[in-house]
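Colleague: Sharing a structure below in structure tokens format, with a few things to ask.
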Amino acid sequence: MKIILNGEKKMYVCICNGFTEKDVKNAVGLGASSVAGVYKAMDCSPQCGKCGCDIKDMLDEEKSFNAQFAKMKHLAAE
């Protein structure tokens with residue numbers, strides 16, 4: 001579900017707990033590396049569980065991005 005609030009698009013990941021893609025990215029930036037870690041960073045717990053797959057996909061994308069960035073950084077240093 002996308003909602004536009006104050007000109008900013010927000011994509012909700014978890015409707016039950018009311019957190020967005022941006023919230024998940026912030027949790028990952030603070031060190032969350034698992035679905036449970038994201039919930040812990042949000043100070044909540046899963047309700048219906050439907051968002052778990054989406055959160056996992058976001059975590060996998062972040063890990064892939066970080067791995068590609070590290071590889072590019074290594075190649076640039078050579």
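Numbering starts fresh at 1 for the residues of each chain in the structure tokens, the chains themselves are lettered A, B, ... in the order given, and ligands are numbered from 1 as they appear.
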What's around region 46-61 of chain A at 8 Å? Count only C-alpha atoms, leave out sequence neighbours fewer than 5 positions away in its own chain, and write the answer as a PDB file with N, CA, C and O atoms, in the first residue's frame.
Modeller:
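Printed below is selection27.pdb as written:
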```pdb
ATOM      1  N   VAL A  13       5.329  -1.707   4.684  1.00  0.00           N
ATOM      2  CA  VAL A  13       5.772  -3.100   4.661  1.00  0.00           C
ATOM      3  C   VAL A  13       4.909  -3.897   5.631  1.00  0.00           C
ATOM      4  O   VAL A  13       4.447  -4.980   5.309  1.00  0.00           O
ATOM      5  N   CYS A  14       4.687  -3.355   6.786  1.00  0.00           N
ATOM      6  CA  CYS A  14       3.907  -4.023   7.832  1.00  0.00           C
ATOM      7  C   CYS A  14       2.728  -3.139   8.216  1.00  0.00           C
ATOM      8  O   CYS A  14       2.896  -2.103   8.856  1.00  0.00           O
ATOM      9  N   CYS A  16       0.156  -4.187  10.120  1.00  0.00           N
ATOM     10  CA  CYS A  16      -0.201  -4.467  11.514  1.00  0.00           C
ATOM     11  C   CYS A  16       0.548  -3.553  12.494  1.00  0.00           C
ATOM     12  O   CYS A  16      -0.031  -3.052  13.452  1.00  0.00           O
ATOM     13  N   ASN A  17       1.852  -3.369  12.242  1.00  0.00           N
ATOM     14  CA  ASN A  17       2.669  -2.545  13.136  1.00  0.00           C
ATOM     15  C   ASN A  17       2.915  -1.147  12.582  1.00  0.00           C
ATOM     16  O   ASN A  17       3.517  -0.319  13.252  1.00  0.00           O
ATOM     17  N   VAL A  24      12.331   0.061   7.669  1.00  0.00           N
ATOM     18  CA  VAL A  24      13.131  -1.168   7.576  1.00  0.00           C
ATOM     19  C   VAL A  24      14.568  -0.808   7.204  1.00  0.00           C
ATOM     20  O   VAL A  24      15.521  -1.324   7.802  1.00  0.00           O
ATOM     21  N   VAL A  28      17.963  -1.608   9.320  1.00  0.00           N
ATOM     22  CA  VAL A  28      19.138  -2.285   8.762  1.00  0.00           C
ATOM     23  C   VAL A  28      20.376  -1.419   8.971  1.00  0.00           C
ATOM     24  O   VAL A  28      21.442  -1.913   9.346  1.00  0.00           O
ATOM     25  N   SER A  33      19.905  -7.476  10.995  1.00  0.00           N
ATOM     26  CA  SER A  33      20.351  -8.343   9.901  1.00  0.00           C
ATOM     27  C   SER A  33      19.435  -9.547   9.700  1.00  0.00           C
ATOM     28  O   SER A  33      19.757 -10.455   8.955  1.00  0.00           O
ATOM     29  N   SER A  34      18.299  -9.533  10.382  1.00  0.00           N
ATOM     30  CA  SER A  34      17.327 -10.619  10.255  1.00  0.00           C
ATOM     31  C   SER A  34      15.931 -10.019  10.396  1.00  0.00           C
ATOM     32  O   SER A  34      15.773  -8.881  10.848  1.00  0.00           O
ATOM     33  N   VAL A  35      14.936 -10.812  10.026  1.00  0.00           N
ATOM     34  CA  VAL A  35      13.550 -10.353  10.176  1.00  0.00           C
ATOM     35  C   VAL A  35      13.275 -10.061  11.649  1.00  0.00           C
ATOM     36  O   VAL A  35      12.725  -9.016  11.991  1.00  0.00           O
ATOM     37  N   VAL A  38      14.751  -6.796  12.677  1.00  0.00           N
ATOM     38  CA  VAL A  38      13.979  -5.626  12.236  1.00  0.00           C
ATOM     39  C   VAL A  38      12.838  -5.376  13.213  1.00  0.00           C
ATOM     40  O   VAL A  38      12.622  -4.245  13.656  1.00  0.00           O
ATOM     41  N   TYR A  39      12.103  -6.438  13.562  1.00  0.00           N
ATOM     42  CA  TYR A  39      11.011  -6.276  14.539  1.00  0.00           C
ATOM     43  C   TYR A  39      11.543  -5.741  15.866  1.00  0.00           C
ATOM     44  O   TYR A  39      10.937  -4.864  16.481  1.00  0.00           O
TER      45      TYR A  39
END
```
Colleague: I need the residues in chain A that are helix (DSSP H, G or I) according to DSSP; give them as a VMD selection string.
Modeller: chain A and resid 21 to 29 35 to 41 52 to 77
Colleague: To one decimal place in Å, what is the distance between CA of Ala70 (chain A) and CA of Lys22 (chain A)?
Modeller: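 Between CA of Ala70 (chain A) and CA of Lys22 (chain A) the gap works out to 22.8 Å.
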Colleague: So which bits of chain A end up strand (DSSP E) when you DSSP the backbone, as a VMD selection string?
Modeller: chain A and resid 2 to 5 8 to 14 19 to 20
Colleague: Could you please determine the separation between CA of Ala27 (chain A) and CA of Lys40 (chain A) in Å, to one decimal place?
Modeller: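 About the pair CA of Ala27 (chain A) and CA of Lys40 (chain A): they are 8.9 Å apart.
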Colleague: One decimal, in Å: what's the spacing between CA of Met42 (chain A) and CA of Phe69 (chain A)?
Modeller: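 It comes out at 26.7 Å.
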Colleague: Nearest to Lys63 (chain A): which of A:Met11, A:Ala76, A:Thr20, A:Ala32 is it, counting only C-alpha atoms?
Modeller: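 Ranked by minimum distance to Lys63 (chain A), first place goes to A:Ala32.
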Colleague: Quick one: residues within 9 Å of Leu30 (chain A), only C-alpha atoms counted, chain neighbours fewer than 4 positions away excluded, as a compact mmCIF listing (two decimals) with N, CA, C and O atoms, in the first residue's frame?
Modeller:
```txt
# COMPACT_ATOMS: atom_id res chain seq x y z
N LYS A 25 14.74 0.09 6.24
CA LYS A 25 16.09 0.50 5.84
C LYS A 25 16.83 1.15 7.00
O LYS A 25 18.03 0.92 7.19
N ASN A 26 16.13 1.94 7.79
CA ASN A 26 16.76 2.55 8.97
C ASN A 26 17.17 1.49 9.98
O ASN A 26 18.25 1.57 10.58
N ALA A 41 14.22 -3.91 16.33
CA ALA A 41 14.59 -2.50 16.16
C ALA A 41 13.35 -1.61 16.15
O ALA A 41 13.41 -0.45 16.55
```
